[in-house]
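Here is the file run-v9.cif (mmCIF, C-alpha atoms).
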data_entry
#
loop_
_atom_site.group_PDB
_atom_site.id
_atom_site.type_symbol
_atom_site.label_atom_id
_atom_site.label_comp_id
_atom_site.auth_asym_id
_atom_site.auth_seq_id
_atom_site.Cartn_x
_atom_site.Cartn_y
_atom_site.Cartn_z
ATOM 1 C CA MET A 1199 0.000 0.000 0.000
ATOM 2 C CA ARG A 1200 2.796 2.340 0.851
ATOM 3 C CA ASN A 1201 4.599 1.807 -2.472
ATOM 4 C CA MET A 1202 1.424 2.129 -4.541
ATOM 5 C CA LYS A 1203 0.814 5.612 -3.305
ATOM 6 C CA GLN A 1204 4.309 6.814 -4.090
ATOM 7 C CA GLY A 1205 4.937 8.854 -7.280
ATOM 8 C CA PHE A 1206 8.171 8.758 -9.290
ATOM 9 C CA THR A 1207 11.338 9.559 -7.432
ATOM 10 C CA LEU A 1208 13.872 11.993 -8.828
ATOM 11 C CA ILE A 1209 16.239 9.131 -9.623
ATOM 12 C CA GLU A 1210 13.578 7.275 -11.605
ATOM 13 C CA LEU A 1211 12.774 10.351 -13.643
ATOM 14 C CA LEU A 1212 16.439 11.023 -14.351
ATOM 15 C CA ILE A 1213 16.921 7.450 -15.558
ATOM 16 C CA ALA A 1214 13.905 7.794 -17.845
ATOM 17 C CA VAL A 1215 15.214 11.042 -19.291
ATOM 18 C CA VAL A 1216 18.698 9.592 -19.881
ATOM 19 C CA LEU A 1217 17.212 6.528 -21.586
ATOM 20 C CA ALA A 1218 15.059 8.680 -23.843
ATOM 21 C CA ALA A 1219 18.036 10.877 -24.700
ATOM 22 C CA SER A 1220 20.281 7.939 -25.575
ATOM 23 C CA GLY A 1221 17.544 6.561 -27.794
ATOM 24 C CA LEU A 1222 17.358 9.856 -29.639
ATOM 25 C CA MET A 1223 21.145 9.923 -30.002
ATOM 26 C CA VAL A 1224 21.140 6.558 -31.759
ATOM 27 C CA LEU A 1225 18.534 7.841 -34.218
ATOM 28 C CA MET A 1226 20.638 10.903 -34.957
ATOM 29 C CA GLN A 1227 23.754 8.856 -35.512
ATOM 30 C CA LEU A 1228 21.849 6.869 -38.128
ATOM 31 C CA MET A 1229 20.967 10.124 -39.829
ATOM 32 C CA GLY A 1230 24.623 11.133 -39.848
ATOM 33 C CA VAL A 1231 25.666 7.834 -41.425
ATOM 34 C CA ALA A 1232 23.110 8.312 -44.198
ATOM 35 C CA ILE A 1233 24.296 11.847 -44.890
ATOM 36 C CA PHE A 1234 27.958 10.832 -45.081
ATOM 37 C CA ALA A 1235 27.219 7.875 -47.343
ATOM 38 C CA ASP A 1236 25.558 10.371 -49.646
ATOM 39 C CA SER A 1237 28.602 12.658 -49.893
ATOM 40 C CA ASP A 1238 30.908 9.649 -50.442
ATOM 41 C CA LEU A 1239 28.980 8.908 -53.592
ATOM 42 C CA GLU A 1240 29.375 12.438 -54.852
ATOM 43 C CA TYR A 1241 33.156 12.383 -54.424
ATOM 44 C CA SER A 1242 33.468 9.027 -56.232
ATOM 45 C CA LEU A 1243 31.265 10.151 -59.103
ATOM 46 C CA THR A 1244 33.191 13.379 -59.667
ATOM 47 C CA SER A 1245 36.525 11.576 -59.391
ATOM 48 C CA LEU A 1246 35.481 8.905 -61.857
ATOM 49 C CA ASN A 1247 34.565 11.569 -64.388
ATOM 50 C CA LEU A 1248 37.909 13.314 -63.842
ATOM 51 C CA ALA A 1249 39.792 10.038 -64.255
ATOM 52 C CA ASN A 1250 37.945 9.405 -67.520
ATOM 53 C CA GLU A 1251 38.750 12.948 -68.594
ATOM 54 C CA LYS A 1252 42.466 12.181 -68.313
ATOM 55 C CA LEU A 1253 42.097 8.921 -70.243
ATOM 56 C CA GLU A 1254 40.336 10.717 -73.082
ATOM 57 C CA GLU A 1255 43.071 13.357 -73.122
ATOM 58 C CA LEU A 1256 45.696 10.624 -73.389
ATOM 59 C CA LYS A 1257 43.793 8.852 -76.175
ATOM 60 C CA ASP A 1258 43.779 12.121 -78.087
ATOM 61 C CA SER A 1259 47.512 12.763 -77.660
ATOM 62 C CA ASP A 1260 50.501 11.301 -79.495
ATOM 63 C CA TYR A 1261 51.400 7.754 -78.532
ATOM 64 C CA SER A 1262 54.915 8.876 -77.579
ATOM 65 C CA SER A 1263 53.617 11.472 -75.105
ATOM 66 C CA VAL A 1264 51.560 8.935 -73.153
ATOM 67 C CA ALA A 1265 53.709 8.721 -70.021
ATOM 68 C CA SER A 1266 53.526 8.532 -66.262
ATOM 69 C CA ALA A 1267 52.772 11.853 -64.619
ATOM 70 C CA THR A 1268 51.223 13.364 -61.516
ATOM 71 C CA GLU A 1269 48.905 16.332 -61.637
ATOM 72 C CA SER A 1270 48.149 18.357 -58.540
ATOM 73 C CA PRO A 1271 46.065 20.300 -57.825
ATOM 74 C CA ILE A 1272 43.194 19.863 -60.288
ATOM 75 C CA SER A 1273 41.829 23.329 -60.990
ATOM 76 C CA GLY A 1274 38.266 23.767 -59.767
ATOM 77 C CA PHE A 1275 38.381 20.631 -57.612
ATOM 78 C CA SER A 1276 40.439 21.698 -54.626
ATOM 79 C CA TRP A 1277 39.414 18.682 -52.507
ATOM 80 C CA ILE A 1278 41.282 16.313 -54.819
ATOM 81 C CA ASP A 1279 44.833 15.469 -53.723
ATOM 82 C CA ASP A 1280 46.210 14.436 -57.096
ATOM 83 C CA ARG A 1281 45.643 12.625 -60.373
ATOM 84 C CA VAL A 1282 48.314 10.044 -61.140
ATOM 85 C CA VAL A 1283 48.944 8.565 -64.570
ATOM 86 C CA THR A 1284 50.909 5.323 -64.680
ATOM 87 C CA ALA A 1285 51.887 4.255 -68.191
ATOM 88 C CA SER A 1286 54.054 1.288 -69.089
ATOM 89 C CA GLU A 1287 54.861 -0.284 -72.426
ATOM 90 C CA VAL A 1288 53.589 -3.877 -72.267
ATOM 91 C CA GLY A 1289 54.297 -4.885 -75.843
ATOM 92 C CA ALA A 1290 55.216 -3.525 -79.230
ATOM 93 C CA ASP A 1291 53.220 -0.312 -79.674
ATOM 94 C CA LEU A 1292 50.966 -1.050 -76.715
ATOM 95 C CA LYS A 1293 50.808 0.814 -73.436
ATOM 96 C CA ASP A 1294 49.003 -0.113 -70.265
ATOM 97 C CA VAL A 1295 47.612 3.148 -68.890
ATOM 98 C CA GLN A 1296 46.111 3.659 -65.451
ATOM 99 C CA VAL A 1297 44.689 6.880 -64.085
ATOM 100 C CA GLU A 1298 44.122 7.173 -60.356
ATOM 101 C CA VAL A 1299 42.340 10.096 -58.721
ATOM 102 C CA ARG A 1300 42.961 10.448 -54.980
ATOM 103 C CA TRP A 1301 41.263 12.534 -52.338
ATOM 104 C CA THR A 1302 41.231 12.687 -48.554
ATOM 105 C CA GLN A 1303 38.005 12.166 -46.710
ATOM 106 C CA LYS A 1304 37.112 11.204 -43.154
ATOM 107 C CA GLY A 1305 40.796 11.109 -42.232
ATOM 108 C CA GLY A 1306 41.783 8.568 -44.858
ATOM 109 C CA GLN A 1307 42.794 8.684 -48.496
ATOM 110 C CA GLN A 1308 40.234 7.424 -50.974
ATOM 111 C CA SER A 1309 40.905 6.752 -54.617
ATOM 112 C CA ILE A 1310 39.318 5.636 -57.820
ATOM 113 C CA LYS A 1311 41.223 4.087 -60.696
ATOM 114 C CA VAL A 1312 40.481 3.546 -64.374
ATOM 115 C CA ARG A 1313 42.628 1.509 -66.716
ATOM 116 C CA THR A 1314 42.932 0.986 -70.452
ATOM 117 C CA TYR A 1315 45.368 0.020 -73.190
ATOM 118 C CA ILE A 1316 46.480 2.540 -75.738
ATOM 119 C CA ALA A 1317 47.925 1.312 -79.050
ATOM 120 C CA ASN A 1318 50.172 3.068 -81.525
ATOM 121 C CA TYR A 1319 48.209 2.665 -84.730
ATOM 122 C CA MET B 170 -7.564 3.871 8.774
ATOM 123 C CA GLN B 171 -3.962 4.954 8.889
ATOM 124 C CA ALA B 172 -2.442 7.142 11.464
ATOM 125 C CA TRP B 173 -2.120 10.816 10.573
ATOM 126 C CA GLY B 174 1.642 10.893 10.851
ATOM 127 C CA LYS B 175 2.190 7.901 8.592
ATOM 128 C CA THR B 176 -0.064 9.183 5.824
ATOM 129 C CA LYS B 177 1.838 12.402 5.725
ATOM 130 C CA VAL B 178 5.123 10.631 5.006
ATOM 131 C CA THR B 179 3.970 8.075 2.375
ATOM 132 C CA ASN B 180 1.938 10.516 0.289
ATOM 133 C CA ARG B 181 4.797 12.922 -0.069
ATOM 134 C CA GLY B 182 5.079 14.188 -3.718
ATOM 135 C CA PHE B 183 7.957 16.175 -5.253
ATOM 136 C CA THR B 184 9.322 19.134 -3.410
ATOM 137 C CA LEU B 185 9.542 22.355 -5.381
ATOM 138 C CA ILE B 186 13.332 22.027 -5.575
ATOM 139 C CA GLU B 187 13.107 18.530 -7.060
ATOM 140 C CA THR B 188 10.635 19.638 -9.694
ATOM 141 C CA VAL B 189 12.730 22.629 -10.635
ATOM 142 C CA ILE B 190 15.859 20.464 -10.981
ATOM 143 C CA VAL B 191 14.046 17.954 -13.196
ATOM 144 C CA LEU B 192 12.595 20.718 -15.348
ATOM 145 C CA LEU B 193 16.007 22.331 -15.728
ATOM 146 C CA LEU B 194 17.696 19.060 -16.685
ATOM 147 C CA MET B 195 14.929 18.233 -19.163
ATOM 148 C CA ALA B 196 15.205 21.699 -20.670
ATOM 149 C CA ILE B 197 18.965 21.364 -21.110
ATOM 150 C CA LEU B 198 18.678 17.884 -22.633
ATOM 151 C CA LEU B 199 15.864 18.923 -24.945
ATOM 152 C CA GLY B 200 17.789 22.017 -25.965
ATOM 153 C CA VAL B 201 20.878 20.018 -26.895
ATOM 154 C CA THR B 202 19.015 17.259 -28.731
ATOM 155 C CA GLY B 203 16.809 19.806 -30.444
ATOM 156 C CA PHE B 204 19.826 21.730 -31.699
ATOM 157 C CA VAL B 205 21.561 18.595 -32.971
ATOM 158 C CA PHE B 206 18.312 17.531 -34.583
ATOM 159 C CA LEU B 207 17.923 20.860 -36.383
ATOM 160 C CA VAL B 208 21.487 20.792 -37.656
ATOM 161 C CA SER B 209 21.160 17.250 -38.939
ATOM 162 C CA LEU B 210 17.801 18.058 -40.529
ATOM 163 C CA ARG B 211 19.464 20.882 -42.433
ATOM 164 C CA ALA B 212 22.270 18.569 -43.522
ATOM 165 C CA TRP B 213 19.671 15.988 -44.516
ATOM 166 C CA ASP B 214 17.843 18.546 -46.637
ATOM 167 C CA SER B 215 20.982 19.593 -48.456
ATOM 168 C CA GLY B 216 21.874 15.925 -48.923
ATOM 169 C CA CYS B 217 18.499 15.267 -50.534
ATOM 170 C CA ILE B 218 18.894 18.171 -52.954
ATOM 171 C CA ARG B 219 22.483 17.219 -53.810
ATOM 172 C CA GLY B 220 21.419 13.612 -54.334
ATOM 173 C CA GLY B 221 18.797 14.756 -56.822
ATOM 174 C CA ILE B 222 21.187 17.029 -58.707
ATOM 175 C CA ARG B 223 23.850 14.340 -58.762
ATOM 176 C CA ALA B 224 21.512 11.715 -60.179
ATOM 177 C CA ASP B 225 20.393 14.091 -62.935
ATOM 178 C CA ALA B 226 23.944 15.224 -63.722
ATOM 179 C CA SER B 227 25.214 11.659 -63.809
ATOM 180 C CA TYR B 228 22.500 10.608 -66.254
ATOM 181 C CA ALA B 229 23.140 13.634 -68.484
ATOM 182 C CA MET B 230 26.892 13.044 -68.401
ATOM 183 C CA ASP B 231 26.497 9.385 -69.405
ATOM 184 C CA LYS B 232 24.144 10.245 -72.220
ATOM 185 C CA THR B 233 26.301 13.071 -73.555
ATOM 186 C CA VAL B 234 29.494 11.005 -73.404
ATOM 187 C CA ARG B 235 27.919 8.030 -75.169
ATOM 188 C CA ASP B 236 26.411 10.162 -77.907
ATOM 189 C CA LEU B 237 29.569 12.157 -78.556
ATOM 190 C CA LYS B 238 31.844 9.113 -78.541
ATOM 191 C CA GLU B 239 30.037 7.597 -81.485
ATOM 192 C CA MET B 240 29.946 10.612 -83.799
ATOM 193 C CA ALA B 241 30.979 10.295 -87.435
ATOM 194 C CA ASN B 242 34.425 11.345 -88.594
ATOM 195 C CA GLY B 243 34.915 15.051 -89.192
ATOM 196 C CA THR B 244 31.444 16.198 -88.152
ATOM 197 C CA LEU B 245 32.292 17.908 -84.860
ATOM 198 C CA SER B 246 31.658 21.658 -84.733
ATOM 199 C CA GLN B 247 29.734 24.418 -83.000
ATOM 200 C CA TYR B 248 26.199 25.130 -84.142
ATOM 201 C CA SER B 249 26.208 28.409 -86.162
ATOM 202 C CA SER B 250 29.375 29.464 -84.296
ATOM 203 C CA ILE B 251 27.469 29.787 -81.016
ATOM 204 C CA ALA B 252 29.637 29.116 -77.974
ATOM 205 C CA ASN B 253 28.647 26.170 -75.754
ATOM 206 C CA THR B 254 26.870 24.280 -78.502
ATOM 207 C CA ILE B 255 28.100 21.000 -79.975
ATOM 208 C CA LYS B 256 26.994 19.829 -83.382
ATOM 209 C CA TYR B 257 27.836 16.396 -84.754
ATOM 210 C CA ARG B 258 26.537 13.655 -87.003
ATOM 211 C CA LYS B 259 25.815 10.249 -85.589
ATOM 212 C CA PHE B 260 28.036 7.525 -87.001
ATOM 213 C CA LEU B 261 26.294 4.810 -89.004
ATOM 214 C CA PRO B 262 28.301 2.116 -90.825
ATOM 215 C CA ASN B 263 26.661 2.962 -94.156
ATOM 216 C CA GLY B 264 26.770 6.727 -93.566
ATOM 217 C CA GLY B 265 23.843 9.089 -93.410
ATOM 218 C CA GLY B 266 23.272 9.315 -89.661
ATOM 219 C CA ASP B 267 21.204 12.231 -88.368
ATOM 220 C CA SER B 268 22.841 15.470 -87.245
ATOM 221 C CA TYR B 269 22.344 16.537 -83.644
ATOM 222 C CA VAL B 270 23.054 19.617 -81.554
ATOM 223 C CA PHE B 271 23.646 19.777 -77.816
ATOM 224 C CA TYR B 272 22.740 23.289 -76.701
ATOM 225 C CA LEU B 273 21.767 25.361 -73.672
ATOM 226 C CA TYR B 274 18.269 26.815 -73.624
ATOM 227 C CA ASN B 275 16.203 29.160 -71.504
ATOM 228 C CA SER B 276 12.795 30.224 -72.823
ATOM 229 C CA THR B 277 13.304 33.761 -71.443
ATOM 230 C CA ASP B 278 16.577 34.167 -73.322
ATOM 231 C CA THR B 279 15.089 34.529 -76.801
ATOM 232 C CA SER B 280 18.315 35.675 -78.427
ATOM 233 C CA PHE B 281 19.861 32.321 -79.239
ATOM 234 C CA ASP B 282 23.511 33.348 -79.357
ATOM 235 C CA SER B 283 26.622 33.404 -77.163
ATOM 236 C CA SER B 284 25.346 36.041 -74.710
ATOM 237 C CA TYR B 285 23.626 33.724 -72.155
ATOM 238 C CA THR B 286 21.985 36.499 -70.149
ATOM 239 C CA GLU B 287 19.844 34.323 -67.859
ATOM 240 C CA SER B 288 21.216 32.647 -64.755
ATOM 241 C CA LEU B 289 20.045 29.068 -65.356
ATOM 242 C CA TYR B 290 19.732 27.025 -68.545
ATOM 243 C CA SER B 291 18.717 23.555 -69.547
ATOM 244 C CA LEU B 292 20.689 21.202 -71.768
ATOM 245 C CA ARG B 293 18.814 19.988 -74.806
ATOM 246 C CA LYS B 294 19.592 17.777 -77.761
ATOM 247 C CA ALA B 295 17.980 18.676 -81.070
ATOM 248 C CA ASN B 296 17.806 16.485 -84.153
ATOM 249 C CA ILE B 297 18.677 18.951 -86.922
ATOM 250 C CA THR B 298 18.029 16.444 -89.685
ATOM 251 C CA LYS B 299 14.457 15.979 -88.466
ATOM 252 C CA GLY B 300 14.004 19.767 -88.335
ATOM 253 C CA ASP B 301 14.294 20.518 -84.585
ATOM 254 C CA ASP B 302 15.119 24.218 -84.192
ATOM 255 C CA PRO B 303 17.465 24.943 -81.260
ATOM 256 C CA ALA B 304 16.431 28.601 -81.265
ATOM 257 C CA LEU B 305 12.914 27.455 -80.319
ATOM 258 C CA GLY B 306 14.072 25.005 -77.657
ATOM 259 C CA LYS B 307 13.100 21.934 -79.675
ATOM 260 C CA GLY B 308 14.505 18.488 -79.059
ATOM 261 C CA VAL B 309 14.970 16.339 -75.979
ATOM 262 C CA LEU B 310 15.498 17.804 -72.521
ATOM 263 C CA ILE B 311 18.590 16.226 -70.971
ATOM 264 C CA LEU B 312 19.452 18.310 -67.929
ATOM 265 C CA LYS B 313 17.858 21.190 -66.027
ATOM 266 C CA ASP B 314 19.238 23.886 -63.703
ATOM 267 C CA ILE B 315 22.593 24.402 -65.417
ATOM 268 C CA VAL B 316 24.445 27.550 -64.416
ATOM 269 C CA SER B 317 24.938 30.050 -67.259
ATOM 270 C CA PRO B 318 28.304 29.829 -69.072
ATOM 271 C CA ASN B 319 28.735 33.521 -68.273
ATOM 272 C CA ALA B 320 28.396 33.040 -64.506
ATOM 273 C CA THR B 321 31.402 33.603 -62.280
ATOM 274 C CA ALA B 322 33.499 30.439 -62.069
ATOM 275 C CA PRO B 323 32.732 27.617 -61.862
ATOM 276 C CA ALA B 324 30.461 27.976 -64.870
ATOM 277 C CA THR B 325 29.017 25.450 -67.288
ATOM 278 C CA ALA B 326 31.060 24.922 -70.435
ATOM 279 C CA LEU B 327 30.696 22.814 -73.561
ATOM 280 C CA THR B 328 33.892 23.424 -75.476
ATOM 281 C CA ILE B 329 35.539 21.934 -78.534
ATOM 282 C CA SER B 330 39.297 21.855 -78.855
ATOM 283 C CA GLY B 331 40.581 19.942 -81.857
ATOM 284 C CA ASN B 332 39.186 16.441 -81.521
ATOM 285 C CA GLN B 333 38.314 16.873 -77.859
ATOM 286 C CA VAL B 334 35.029 17.910 -76.334
ATOM 287 C CA THR B 335 35.082 19.217 -72.769
ATOM 288 C CA VAL B 336 31.829 18.827 -70.881
ATOM 289 C CA ASP B 337 31.733 20.787 -67.647
ATOM 290 C CA PHE B 338 28.324 20.765 -65.969
ATOM 291 C CA VAL B 339 27.707 23.107 -63.040
ATOM 292 C CA LEU B 340 24.256 22.581 -61.562
ATOM 293 C CA GLN B 341 22.507 24.740 -59.034
ATOM 294 C CA ARG B 342 19.360 24.143 -57.011
ATOM 295 C CA GLY B 343 18.669 26.369 -54.033
ATOM 296 C CA SER B 344 22.022 26.976 -52.407
ATOM 297 C CA GLU B 345 23.478 23.642 -53.540
ATOM 298 C CA THR B 346 25.975 23.455 -56.391
ATOM 299 C CA VAL B 347 27.318 20.269 -57.957
ATOM 300 C CA ARG B 348 29.994 20.134 -60.638
ATOM 301 C CA LEU B 349 30.809 17.265 -62.987
ATOM 302 C CA LYS B 350 33.516 17.575 -65.614
ATOM 303 C CA THR B 351 34.982 15.267 -68.194
ATOM 304 C CA LYS B 352 36.394 15.165 -71.706
ATOM 305 C CA ILE B 353 35.437 13.065 -74.682
ATOM 306 C CA ARG B 354 37.487 12.041 -77.643
ATOM 307 C CA PRO B 355 35.106 10.664 -80.281
ATOM 308 C CA ARG B 356 36.074 7.152 -81.339
ATOM 309 C CA ASN B 357 35.596 7.412 -85.091
ATOM 310 C CA LEU B 358 37.827 10.391 -85.757
#
Do you think you could lay out the structure here as structure tokens?
Amino acid sequence: MRNMKQGFTLIELLIAVVLAASGLMVLMQLMGVAIFADSDLEYSLTSLNLANEKLEELKDSDYSSVASATESPISGFSWIDDRVVTASEVGADLKDVQVEVRWTQKGGQQSIKVRTYIANY
Amino acid sequence: MQAWGKTKVTNRGFTLIETVIVLLLMAILLGVTGFVFLVSLRAWDSGCIRGGIRADASYAMDKTVRDLKEMANGTLSQYSSIANTIKYRKFLPNGGGDSYVFYLYNSTDTSFDSSYTESLYSLRKANITKGDDPALGKGVLILKDIVSPNATAPATALTISGNQVTVDFVLQRGSETVRLKTKIRPRNL
């Protein structure tokens, strides 16, 4: 009878409030994850297009001028660390060309790489 | 019947101090969570808009790149010497593919030339052979909300340099800007 007539104690209320708050925090963290995943995609998409840009440039240039090189910074895309071309002759009149675009995000370096063969025809 | 003294103790509610403390703590907690919530809502909003722009830009980029890669030899040029237009003929093995023009259009900007006086344009693709008139905004809509080529950098640009086409899309919706840039070297040149 004595317990039934008692209301909440301060401690009980505090616990309830803390529980509710931690629940809310979890929800917000989920939101943050979703937002970051979204911006990841944007960086990859832009980088992929820039990597392809370099490949097309190389395909349009003389075979002899297709060579390893590093470009940094990329004008207009200040968040990109560099764009690295790795070219090696793998046969007679055939070069293996790789273009890697690198950027730093969330404390680590991310990169995207495209690769093709360019022939001297 | 309970004794007077005992009832007084067991029915005790909150004291004023206790209630005030709880209210204060709740207010602080709600304030903090509310603030974080507002900030993340804003970020969420901008993420939604950027996601939409990005999807549109990605589609337009794919389409433009594919179309331009397969143009016929020696058919790349501007349309009537207007900057930021790309005219080409589609490659067909037996010849005679249709001629197309990628161009920027805004119905308010009636002078179809290099001036680009409006702030936003749309990218369209007109089939010249079938009689689509770019000056009237005919053809297929490919991308909306493109920043004018005359805007302060970064600005949209469709440029031809030798055999290379540079496609630089700058899209703007609300306060969000997304930029996608690449180059294309047509395969049949």
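Applied to the file shown here, the PyMOL selection byres ((chain A) within 6 of (chain B)) selects the residues Thr1244, Asn1247, Leu1248, Glu1251 and Glu1254 of chain A.
The gap separating atom CA of A:Thr1268 from atom CA of A:Asp1280 is 6.8 Å, in Å to one decimal.
One finds atom CA of A:Ala1285 at 5.2 Å from atom CA of A:Ala1265.
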Could you name the residues that touch B:Tyr257 at 10 Å or less, counting only C-alpha atoms, but leaving out those on the same chain fewer than 3 positions away, as an MDAnalysis selection string?
chainID B and resid 236:237 239:248 260 266:271 297
I need the residue nearest B:Thr277 from this list: B:Leu289, B:Val208, B:Leu261, B:Ile255. Use only C-alpha atoms for the distance.
B:Leu289
I'd like the contact shell of stretch 304-312 of chain B - 8 Å cut-off, all atoms listed in the file, skipping same-chain residues fewer than 6 positions apart - returned as number ranges by chain.
B: 225-226, 229, 274-276, 279-281, 291-296
Which residues are close to stretch 1314-1319 of chain A, i.e. within 6 Å by only C-alpha atoms, leaving aside same-chain residues fewer than 5 positions away? Reply as a ChimeraX atom specification.
/A:1261,1291-1295
Could you work out an axis-aligned bounding box for all listed atoms of stretch 209-224 of chain B, with 8 Å added on each of the six sides, and give its centre and edge lengths in Å to one decimal, as lines of an AutoDock Vina configuration file?
center_x = 20.8
center_y = 16.3
center_z = -49.6
size_x = 22.0
size_y = 25.2
size_z = 37.2
Output requested as a compact mmCIF listing (two decimals), in the coordinates of the input - stretch 1291-1304 of chain A, filled out with N, CA and C atoms.
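The result, stored in selection-v4.txt:
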# COMPACT_ATOMS: atom_id res chain seq x y z
N ASP A 1291 54.26 -1.30 -79.40
CA ASP A 1291 53.22 -0.31 -79.67
C ASP A 1291 51.96 -0.50 -78.83
N LEU A 1292 52.13 -0.91 -77.60
CA LEU A 1292 50.97 -1.05 -76.72
C LEU A 1292 51.32 -0.61 -75.30
N LYS A 1293 50.55 0.33 -74.79
CA LYS A 1293 50.81 0.81 -73.44
C LYS A 1293 49.63 0.52 -72.51
N ASP A 1294 50.00 0.09 -71.32
CA ASP A 1294 49.00 -0.11 -70.26
C ASP A 1294 48.93 1.21 -69.50
N VAL A 1295 47.75 1.83 -69.51
CA VAL A 1295 47.61 3.15 -68.89
C VAL A 1295 46.59 3.10 -67.75
N GLN A 1296 47.02 3.60 -66.58
CA GLN A 1296 46.11 3.66 -65.45
C GLN A 1296 46.05 5.09 -64.94
N VAL A 1297 44.86 5.54 -64.66
CA VAL A 1297 44.69 6.88 -64.08
C VAL A 1297 44.03 6.72 -62.72
N GLU A 1298 44.68 7.27 -61.70
CA GLU A 1298 44.12 7.17 -60.36
C GLU A 1298 43.88 8.58 -59.81
N VAL A 1299 42.66 8.81 -59.35
CA VAL A 1299 42.34 10.10 -58.72
C VAL A 1299 42.23 9.86 -57.22
N ARG A 1300 42.95 10.66 -56.43
CA ARG A 1300 42.96 10.45 -54.98
C ARG A 1300 42.47 11.68 -54.24
N TRP A 1301 41.72 11.43 -53.18
CA TRP A 1301 41.26 12.53 -52.34
C TRP A 1301 41.20 12.07 -50.89
N THR A 1302 41.24 13.03 -49.97
CA THR A 1302 41.23 12.69 -48.55
C THR A 1302 39.86 12.99 -47.97
N GLN A 1303 39.34 12.03 -47.25
CA GLN A 1303 38.01 12.17 -46.71
C GLN A 1303 37.92 11.34 -45.44
N LYS A 1304 37.29 11.91 -44.42
CA LYS A 1304 37.11 11.20 -43.15
C LYS A 1304 38.45 10.67 -42.62
